[in-house]
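Below: one structure, written as structure tokens.
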Amino acid sequence: MNAQQVAGLLARRFRATLAGVVAVTVVLGAGATRLFFDTSQNGLIGSQSQVAKDNVRYQGTFGGDAMLIMVTGPVEKLFTPANLARQRRLEAQLRATGQFSSVIGPVDTLEFAADQLKVGQAIFADAVAQADARGDAATAAHVASVEHIELARATPLITSGQLSVADPAAALSDPAVVEYLLRDQTGAIRPALRDAFPNNDHGVFVVAPKGNTSIATLGAAADTVKRITAQNPIPGFHSLATGPPVLLEDINNYLQGGMATLGALAVAVMALILCFVFRVRSRLLSLVVVALGALTTFGVMGYLGIALSLVTISGFPIIIGLAVDFSIQVQSRFQEEVSIDGDGTAAMARTIRNLGPALAIAMMAAAAGFVAIQVSRVPIIRDFGVMLDIAVVLLFLIVITALPALLLAREHRRPSRPHEWGRGAIERAVRTVAHAAQRVLLPVMLVGVIVAIAGFAVAGRFSIQTDPQKWVPQGSSVVHDLDALQAGAGFSSEVGTLVEAPNVTTTSVADWMRTFGSRQVTKHSQDLLRATSLPGAVAAVTGGAPVDQTQLQLLLSVAPEPFHAEFISPDRTKANLIFPVRNISLNQREQLLSAMTADLHPPHGTHAVFSGLAVVGVELVKALEANRTELTLLSLLAVVVWLGLAYRNPWKVALPLVPVVFAVGGSSLIVYLLGFSLSPLTAVSAPLVIAVCTEFSVLIMARYLEERARGRTPDEAVDIGAVRIGRAFVASGLTLIGGFGVLAASPFPLLRDFGIIVALNAVVALLSALFILPPLLMWADRNRRIRGFGPDPTDPAGEAAGAAPELTPVRV
């Protein structure tokens, strides 16, 4: 079936065509009800990665990343009878929700310190005995000295009856007892208690949510912590509940709600552009394609089980831009053709014949570029690529069926009259740009090569914004609270260490945990505040002496249940070693974890790995940085392969790619010079540039070849082609830029920077295609050794094109 027959069928059956498209859209769109937001931490790095598997085991035993409740005020005042009751009620209400694996507050911590008096003498005795058995007289003397100091401080309290060894926790409301338990002989807060008492003016509750839950569930748990904290104020103290789950919840909530607002804004911006730039009948018809394309794309994603995530949801404005872009090309060409004779069916036939193949090649080139995204090591980035490929194919199918049917239905109701095709300021500007480099092509090419080389050279030097706190509005309450927590407690997140062994209470494992934790804090004092574990608690009792199984068992016998839940599994096969981390970026954490991993040498039969949200974040950054350049090159290669299959002419492959390469390099160089930091979103901007610029280049070359086939000279082919497609290209480019650019209106830097960078890239891509490709085509056409760009009188297609009706652009 040729183009004329297809157009005739569409003209006769436009109602059936539209009904069929609507029916298919309803069926496919129903899949959108199956869409879900993948807000799991493992969705960022893939459930099959070793880090994800380790994280599942860790969180399955010790819970997720903790919420922290910081209370500000003199810490001794936490132990008045009224405040003790408030704290216990707060903790009881948190535990009663069932949302948390452990809740440990200042009261729990001091009760544990008090209960250690029950076994303290036995721990001291065993430590001395073990030191004597090793012949370590210095350690034995040190432990004895520590015991003497502690006895000297405790004896007056015991003698006066203020402190009972049988039930020491009962005296927590006694200021003298609190002073003894809380502070060492120098008056400083005991190091082992600083997770709960980081300094004299702050107390901290550590509330660990259930592990292996979605970010949405973590957010619900965070809301619970904030609500219960607000309901239980502690007199004389200011309470603040925050932590990493609050940050993740803020990002997640915005992506699920704010993107709808940005999508509506994108549609509004594009409608304005179409009204003021795209001067054709039914100029807003493209928005129908937007609705159909978006619904079918998300529906197919639902059927395929592709989740929405912080990356895929950002593709919504991009889909809108692509839909309008494809629609404009078809509608503009139809309006150009129908202006010749007012015959809608004949005009659609010419549109399909002349534009259809080029648009199909451009669409598949864009899809090929997006396919390369599948090499990314980040699952949500790969899903982003799949979503764009689905969108491109569906939008093309809708544009070549629904849009022609709608246009022919319009012509059936009110036919267009033949008229002169206008040449306005936009067309003149496009013509000027297209001819600008004609006389200076060699210098322009040299500059382009230099820019491209420089752009690819700096691509590996981009800084990636690896601090999730920088992804959200910096003036928000979330950031303010996290800053306050970091200032007061010294940390807002932790790195957990999952230690696995047949029995983690054995002497070899327990003492390794003590020495490893102590060594890391010493070596990385700028990043780590301390190391917290049950073996570390034993060592705190004895003044840092080696820990053995007997001492650890004694401590476990008096440890409250929350400490068991936080630090050791019920079957004694897993233990937790926690490092509170200062406020450093994920890049700095990557360096820290690399150094700590190199120092991990657990005993034989013991396995130890770092885990938690910080480790997941580090793995995400590593995956983003691992093959960004490879992704760009593979995207280019995919486009080369497709154009080679489509044209089977090396020059028709190479020439459209010249502005693509220049655009990619130029965009990279501009972003680098402007000092932008990449994020998980902007890391995939290169394939978008390649796809957009390739589409522009293919359509420009196709129109040039069409005009040459009609017998135009190279200059005329550029001149007339630029006039006829100029407004469509500007409108198309502006809508794409608008689709990306609305993200710049987001208050979230994560999305704002992505919008700015991709919109900037789209501008560079459009200008590169219009400025560089026309003179290149003219050069190739005039070079007798290069075939395929001039008219071929033996080509039936060329004769058909040459016989097509003409129109003369005039000023209107």
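Ordering of the structure tokens sets the chain letters (A, B, ...); residue numbers start at 1 within each chain; ligands are numbered from 1 in the order shown.
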Can I get the residues of region 364-449 of chain A within 9 Å of region 730-740 of chain A, each with the closest pair of atoms and their distance in Å to one decimal, using only C-alpha atoms, sorted chain first then ascending number, as JSON lines?
```
{"residue": "A:Ile426", "atom": "CA", "partner": "A:Val730", "partner_atom": "CA", "distance": 7.6}
{"residue": "A:Glu427", "atom": "CA", "partner": "A:Val730", "partner_atom": "CA", "distance": 8.9}
{"residue": "A:Val430", "atom": "CA", "partner": "A:Val730", "partner_atom": "CA", "distance": 8.2}
```
Give me, as CSV, the closest atom pair and its distance (Å, one decimal) for every residue of region 294-368 of chain A within a cut-off of 10 Å of region 702-710 of chain A, counting only C-alpha atoms, rows sorted by chain and rising number.
```
residue,atom,partner,partner_atom,distance
A:Asn354,CA,A:Glu706,CA,7.5
A:Leu355,CA,A:Ala702,CA,8.0
A:Pro357,CA,A:Ala702,CA,8.9
A:Ala358,CA,A:Ala702,CA,6.0
A:Leu359,CA,A:Ala702,CA,9.0
A:Ile361,CA,A:Ala702,CA,9.8
A:Ala362,CA,A:Ala702,CA,9.9
```
(request) as a VMD selection string, list the residues of region 374-562 of chain A assigned to alpha helix (DSSP H) by DSSP on the backbone atoms of this structure. (result) chain A and resid 379 to 413 425 to 436 441 to 458 477 to 489 507 to 523 534 to 542 549 to 558 561 to 562
(request) Go ahead and compute the interatomic distance for CA of Gly293 (chain A) and CA of Ser685 (chain A), in Å to one decimal. (result)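 Between CA of Gly293 (chain A) and CA of Ser685 (chain A) the gap works out to 21.8 Å.
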(request) Just the residues within 8 Å of Phe205 (chain A), please, counting only C-alpha atoms, with nothing from its chain fewer than 2 positions along; format it as JSON, numbers by chain. (result) {"A": [68, 69, 70, 103, 104, 105, 106, 196, 203, 207]}
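Backbone DSSP assigns strand (DSSP E) in region 452-601 of chain A to Ser493, Glu494, Val495, Gly496, Thr497, Leu498, Val499, Glu500, Lys574, Ala575, Asn576, Leu577, Ile578, Phe579, Pro580 and Val581 of chain A.
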Once you have the residues from the selection above, write them out as a short mmCIF file (atom, residue, chain, number, x, y, z; two decimals), in the first residue's frame, restricted to N, CA, C and O atoms.
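File written: out19.cif
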```cif
data_model
loop_
_atom_site.label_atom_id
_atom_site.label_comp_id
_atom_site.auth_asym_id
_atom_site.auth_seq_id
_atom_site.Cartn_x
_atom_site.Cartn_y
_atom_site.Cartn_z
N SER A 493 23.62 10.20 60.66
CA SER A 493 23.52 8.89 60.01
C SER A 493 24.63 7.99 60.53
O SER A 493 25.57 8.45 61.18
N GLU A 494 24.50 6.71 60.22
CA GLU A 494 25.43 5.71 60.73
C GLU A 494 25.81 4.73 59.63
O GLU A 494 25.08 4.54 58.67
N VAL A 495 26.96 4.10 59.81
CA VAL A 495 27.37 2.97 58.98
C VAL A 495 27.33 1.74 59.87
O VAL A 495 28.00 1.71 60.91
N GLY A 496 26.53 0.77 59.48
CA GLY A 496 26.46 -0.46 60.25
C GLY A 496 27.43 -1.49 59.71
O GLY A 496 27.79 -1.48 58.52
N THR A 497 27.87 -2.38 60.58
CA THR A 497 28.76 -3.48 60.18
C THR A 497 28.10 -4.78 60.57
O THR A 497 27.85 -5.03 61.76
N LEU A 498 27.76 -5.59 59.59
CA LEU A 498 27.15 -6.89 59.84
C LEU A 498 28.26 -7.91 60.05
O LEU A 498 29.04 -8.19 59.12
N VAL A 499 28.35 -8.45 61.25
CA VAL A 499 29.36 -9.45 61.58
C VAL A 499 28.64 -10.79 61.72
O VAL A 499 27.72 -10.93 62.52
N GLU A 500 29.06 -11.78 60.92
CA GLU A 500 28.41 -13.08 60.92
C GLU A 500 29.43 -14.18 61.23
O GLU A 500 30.53 -14.20 60.68
N LYS A 574 24.79 -13.33 64.41
CA LYS A 574 25.01 -12.01 63.80
C LYS A 574 25.19 -10.98 64.90
O LYS A 574 24.50 -11.02 65.93
N ALA A 575 26.11 -10.07 64.68
CA ALA A 575 26.34 -8.97 65.61
C ALA A 575 26.44 -7.67 64.81
O ALA A 575 26.71 -7.67 63.61
N ASN A 576 26.20 -6.57 65.50
CA ASN A 576 26.16 -5.26 64.86
C ASN A 576 27.23 -4.37 65.46
O ASN A 576 27.35 -4.25 66.68
N LEU A 577 28.03 -3.77 64.58
CA LEU A 577 29.04 -2.80 64.99
C LEU A 577 28.71 -1.50 64.26
O LEU A 577 28.75 -1.44 63.03
N ILE A 578 28.36 -0.47 65.01
CA ILE A 578 27.84 0.77 64.42
C ILE A 578 28.86 1.89 64.54
O ILE A 578 29.46 2.10 65.61
N PHE A 579 29.02 2.62 63.42
CA PHE A 579 29.90 3.79 63.41
C PHE A 579 29.07 5.03 63.10
O PHE A 579 28.66 5.23 61.95
N PRO A 580 28.74 5.86 64.08
CA PRO A 580 28.13 7.16 63.77
C PRO A 580 29.10 7.99 62.92
O PRO A 580 30.29 8.10 63.24
N VAL A 581 28.56 8.56 61.83
CA VAL A 581 29.41 9.24 60.85
C VAL A 581 29.12 10.73 60.87
O VAL A 581 27.97 11.17 60.93
#
```
(request) Excluding Thr606 (chain A) and any residue of its chain fewer than 4 positions from it, enumerate the residues within 12 Å of it, using only C-alpha atoms, and give them as JSON, numbers by chain. (result) {"A": [498, 499, 500, 501, 502, 503, 504, 505, 506, 508, 509, 510, 512, 513, 573, 574, 575, 600, 601, 602]}
Those same residues - all heavy atoms - I'd like them written as a compact mmCIF listing (two decimals), in the first residue's frame.
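Produced file out.txt, reproduced below:
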```
# COMPACT_ATOMS: atom_id res chain seq x y z
N LEU A 498 27.76 -5.59 59.59
CA LEU A 498 27.15 -6.89 59.84
C LEU A 498 28.26 -7.91 60.05
O LEU A 498 29.04 -8.19 59.12
CB LEU A 498 26.26 -7.30 58.68
CG LEU A 498 25.61 -8.68 58.75
CD1 LEU A 498 24.64 -8.75 59.93
CD2 LEU A 498 24.88 -9.00 57.44
N VAL A 499 28.35 -8.45 61.25
CA VAL A 499 29.36 -9.45 61.58
C VAL A 499 28.64 -10.79 61.72
O VAL A 499 27.72 -10.93 62.52
CB VAL A 499 30.08 -9.10 62.90
CG1 VAL A 499 31.14 -10.15 63.23
CG2 VAL A 499 30.73 -7.71 62.79
N GLU A 500 29.06 -11.78 60.92
CA GLU A 500 28.41 -13.08 60.92
C GLU A 500 29.43 -14.18 61.23
O GLU A 500 30.53 -14.20 60.68
CB GLU A 500 27.77 -13.35 59.55
CG GLU A 500 26.68 -12.35 59.18
CD GLU A 500 26.21 -12.50 57.75
OE1 GLU A 500 27.01 -12.24 56.84
OE2 GLU A 500 25.04 -12.89 57.55
N ALA A 501 29.03 -15.08 62.10
CA ALA A 501 29.88 -16.20 62.51
C ALA A 501 28.99 -17.26 63.14
O ALA A 501 27.85 -16.98 63.54
CB ALA A 501 30.95 -15.73 63.50
N PRO A 502 29.47 -18.51 63.24
CA PRO A 502 28.66 -19.53 63.94
C PRO A 502 28.27 -19.10 65.34
O PRO A 502 27.19 -19.43 65.83
CB PRO A 502 29.58 -20.75 63.93
CG PRO A 502 30.45 -20.56 62.73
CD PRO A 502 30.68 -19.08 62.64
N ASN A 503 29.16 -18.34 66.00
CA ASN A 503 28.86 -17.81 67.32
C ASN A 503 29.64 -16.51 67.49
O ASN A 503 30.86 -16.52 67.64
CB ASN A 503 29.25 -18.80 68.42
CG ASN A 503 28.85 -18.32 69.81
OD1 ASN A 503 28.41 -17.18 69.98
ND2 ASN A 503 29.02 -19.18 70.81
N VAL A 504 28.95 -15.39 67.44
CA VAL A 504 29.63 -14.10 67.49
C VAL A 504 30.06 -13.71 68.90
O VAL A 504 30.70 -12.67 69.08
CB VAL A 504 28.74 -12.98 66.90
CG1 VAL A 504 28.51 -13.19 65.41
CG2 VAL A 504 27.41 -12.89 67.64
N THR A 505 29.71 -14.52 69.90
CA THR A 505 30.13 -14.20 71.27
C THR A 505 31.46 -14.84 71.62
O THR A 505 31.97 -14.63 72.73
CB THR A 505 29.07 -14.66 72.29
OG1 THR A 505 29.02 -16.09 72.33
CG2 THR A 505 27.71 -14.09 71.97
N THR A 506 32.05 -15.61 70.71
CA THR A 506 33.34 -16.23 71.01
C THR A 506 34.40 -15.16 71.21
O THR A 506 34.28 -14.03 70.71
CB THR A 506 33.78 -17.18 69.89
OG1 THR A 506 33.90 -16.42 68.68
CG2 THR A 506 32.79 -18.31 69.70
N SER A 508 37.38 -14.79 70.00
CA SER A 508 38.07 -14.29 68.80
C SER A 508 37.23 -13.24 68.08
O SER A 508 37.74 -12.20 67.64
CB SER A 508 38.41 -15.45 67.85
OG SER A 508 37.21 -16.11 67.43
N VAL A 509 35.93 -13.50 67.94
CA VAL A 509 35.05 -12.55 67.23
C VAL A 509 34.84 -11.29 68.07
O VAL A 509 34.94 -10.17 67.57
CB VAL A 509 33.70 -13.21 66.89
CG1 VAL A 509 32.78 -12.19 66.23
CG2 VAL A 509 33.90 -14.41 65.99
N ALA A 510 34.53 -11.47 69.35
CA ALA A 510 34.24 -10.33 70.21
C ALA A 510 35.43 -9.38 70.31
O ALA A 510 35.28 -8.16 70.20
CB ALA A 510 33.84 -10.82 71.60
N TRP A 512 37.93 -9.14 68.20
CA TRP A 512 38.19 -8.52 66.90
C TRP A 512 37.28 -7.31 66.70
O TRP A 512 37.72 -6.26 66.21
CB TRP A 512 37.98 -9.52 65.77
CG TRP A 512 38.06 -8.85 64.43
CD1 TRP A 512 39.20 -8.53 63.74
CD2 TRP A 512 36.97 -8.36 63.65
NE1 TRP A 512 38.88 -7.87 62.57
CE2 TRP A 512 37.53 -7.76 62.49
CE3 TRP A 512 35.58 -8.38 63.81
CZ2 TRP A 512 36.72 -7.19 61.50
CZ3 TRP A 512 34.78 -7.80 62.83
CH2 TRP A 512 35.35 -7.21 61.69
N MET A 513 35.99 -7.42 67.07
CA MET A 513 35.07 -6.29 66.94
C MET A 513 35.57 -5.11 67.77
O MET A 513 35.51 -3.96 67.33
CB MET A 513 33.67 -6.70 67.39
CG MET A 513 32.97 -7.67 66.45
SD MET A 513 31.32 -8.16 67.04
CE MET A 513 30.45 -6.60 66.91
N THR A 573 24.31 -15.58 65.85
CA THR A 573 25.10 -15.75 64.63
C THR A 573 25.41 -14.42 63.95
O THR A 573 26.19 -14.39 63.00
CB THR A 573 24.37 -16.65 63.63
OG1 THR A 573 23.13 -16.05 63.27
CG2 THR A 573 24.14 -18.04 64.22
N LYS A 574 24.79 -13.33 64.41
CA LYS A 574 25.01 -12.01 63.80
C LYS A 574 25.19 -10.98 64.90
O LYS A 574 24.50 -11.02 65.93
CB LYS A 574 23.84 -11.61 62.90
CG LYS A 574 23.61 -12.52 61.70
CD LYS A 574 22.44 -12.02 60.88
CE LYS A 574 22.18 -12.92 59.68
NZ LYS A 574 21.66 -14.24 60.10
N ALA A 575 26.11 -10.07 64.68
CA ALA A 575 26.34 -8.97 65.61
C ALA A 575 26.44 -7.67 64.81
O ALA A 575 26.71 -7.67 63.61
CB ALA A 575 27.61 -9.18 66.42
N LEU A 600 39.53 -4.64 56.86
CA LEU A 600 38.67 -5.69 57.42
C LEU A 600 39.37 -7.04 57.33
O LEU A 600 39.52 -7.60 56.25
CB LEU A 600 37.36 -5.76 56.62
CG LEU A 600 36.12 -5.05 57.15
CD1 LEU A 600 34.96 -5.28 56.19
CD2 LEU A 600 35.74 -5.54 58.52
N HIS A 601 39.77 -7.54 58.44
CA HIS A 601 40.39 -8.87 58.47
C HIS A 601 39.80 -9.65 59.63
O HIS A 601 40.46 -9.88 60.64
CB HIS A 601 41.91 -8.75 58.62
CG HIS A 601 42.56 -7.95 57.52
ND1 HIS A 601 42.62 -8.39 56.21
CD2 HIS A 601 43.15 -6.72 57.52
CE1 HIS A 601 43.22 -7.48 55.47
NE2 HIS A 601 43.57 -6.46 56.24
N PRO A 602 38.54 -10.07 59.51
CA PRO A 602 37.90 -10.78 60.62
C PRO A 602 38.53 -12.15 60.83
O PRO A 602 39.21 -12.68 59.94
CB PRO A 602 36.44 -10.91 60.15
CG PRO A 602 36.51 -10.84 58.66
CD PRO A 602 37.65 -9.93 58.35
```
(message) I need the residue nearest Arg57 (chain A) from this list: A:Thr345, A:Asn253, A:Gln331, A:Ser569. Use only C-alpha atoms for the distance.
(response) A:Ser569
Would you tabulate, counting only C-alpha atoms, all residues of region 263-318 of chain A that have an atom at most 7 Å from an atom of region 27-34 of chain A, showing the closest pair of atoms and their distance in Å to one decimal, sorted by chain then ascending number, as CSV?
```
residue,atom,partner,partner_atom,distance
A:Leu295,CA,A:Gly29,CA,5.1
A:Thr296,CA,A:Gly29,CA,4.8
A:Phe298,CA,A:Ala32,CA,5.3
A:Gly299,CA,A:Gly31,CA,3.9
A:Val300,CA,A:Gly31,CA,6.0
A:Gly302,CA,A:Gly31,CA,4.7
A:Tyr303,CA,A:Gly31,CA,5.1
```
(message) As an exercise, work out the distance from CA of Leu482 (chain A) to CA of Pro245 (chain A) in Å and give it to one decimal place.
(response)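 These two atoms are separated by 11.0 Å.
For region 656-663 of chain A, the non-local neighbours within 6 Å, defined as residues at least 2 positions apart in the same chain or in other chains and counting only C-alpha atoms, are Gly448, Ala452, Ala654, Gly665, Gly666, Ser667, Ile690, Cys693, Ser697, Val764, Ala765, Ser768 and Ala769 of chain A.
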Residues just named, written with N, CA and C atoms as a tab-separated table (two decimals), in the first residue's frame:
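Listed below is the output, result-v3.tsv:
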```
chain	number	residue	atom	x	y	z
A	448	GLY	N	34.68	23.07	16.13
A	448	GLY	CA	33.79	22.02	16.61
A	448	GLY	C	34.54	20.80	17.10
A	452	ALA	N	34.47	19.41	20.81
A	452	ALA	CA	34.04	18.03	21.07
A	452	ALA	C	35.10	17.29	21.87
A	654	ALA	N	27.52	9.55	8.46
A	654	ALA	CA	28.53	10.39	9.12
A	654	ALA	C	28.08	11.84	9.26
A	665	GLY	N	29.73	17.04	22.86
A	665	GLY	CA	30.95	17.63	23.41
A	665	GLY	C	30.72	19.04	23.90
A	666	GLY	N	29.99	19.85	23.11
A	666	GLY	CA	29.73	21.23	23.51
A	666	GLY	C	28.90	21.31	24.77
A	667	SER	N	27.88	20.46	24.87
A	667	SER	CA	27.04	20.45	26.07
A	667	SER	C	27.86	20.07	27.29
A	690	ILE	N	21.97	13.13	22.42
A	690	ILE	CA	22.20	12.35	21.20
A	690	ILE	C	20.89	12.09	20.48
A	693	CYS	N	19.38	15.56	19.09
A	693	CYS	CA	20.16	16.13	17.98
A	693	CYS	C	20.11	15.23	16.75
A	697	SER	N	18.89	16.35	13.05
A	697	SER	CA	19.80	16.20	11.92
A	697	SER	C	19.20	15.36	10.81
A	764	VAL	N	21.67	23.52	22.60
A	764	VAL	CA	22.92	23.24	21.88
A	764	VAL	C	22.68	22.28	20.73
A	765	ALA	N	21.86	21.25	20.97
A	765	ALA	CA	21.57	20.27	19.92
A	765	ALA	C	20.87	20.91	18.73
A	768	SER	N	23.30	23.29	16.90
A	768	SER	CA	24.33	22.52	16.19
A	768	SER	C	23.78	21.96	14.89
A	769	ALA	N	22.58	21.38	14.95
A	769	ALA	CA	22.00	20.79	13.75
A	769	ALA	C	21.72	21.85	12.69
```
(request) Quote the spacing between CA of Asn587 (chain A) and CA of Pro747 (chain A) in Å to one decimal place. (result)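 Rounded to one decimal, the two atoms are 23.9 Å apart.
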(message) Measuring between only C-alpha atoms, which one of A:Ala241, A:Ala113, A:Ala434, A:Ala608 shows the shortest distance to Asp167 (chain A)?
(response) A:Ala113
(request) May I have the residues within 8 Å of Tyr672 (chain A) as a PyMOL selection string, using only C-alpha atoms and disregarding those fewer than 4 positions away in the same chain? (result) chain A and resi 458-459+462+668+676
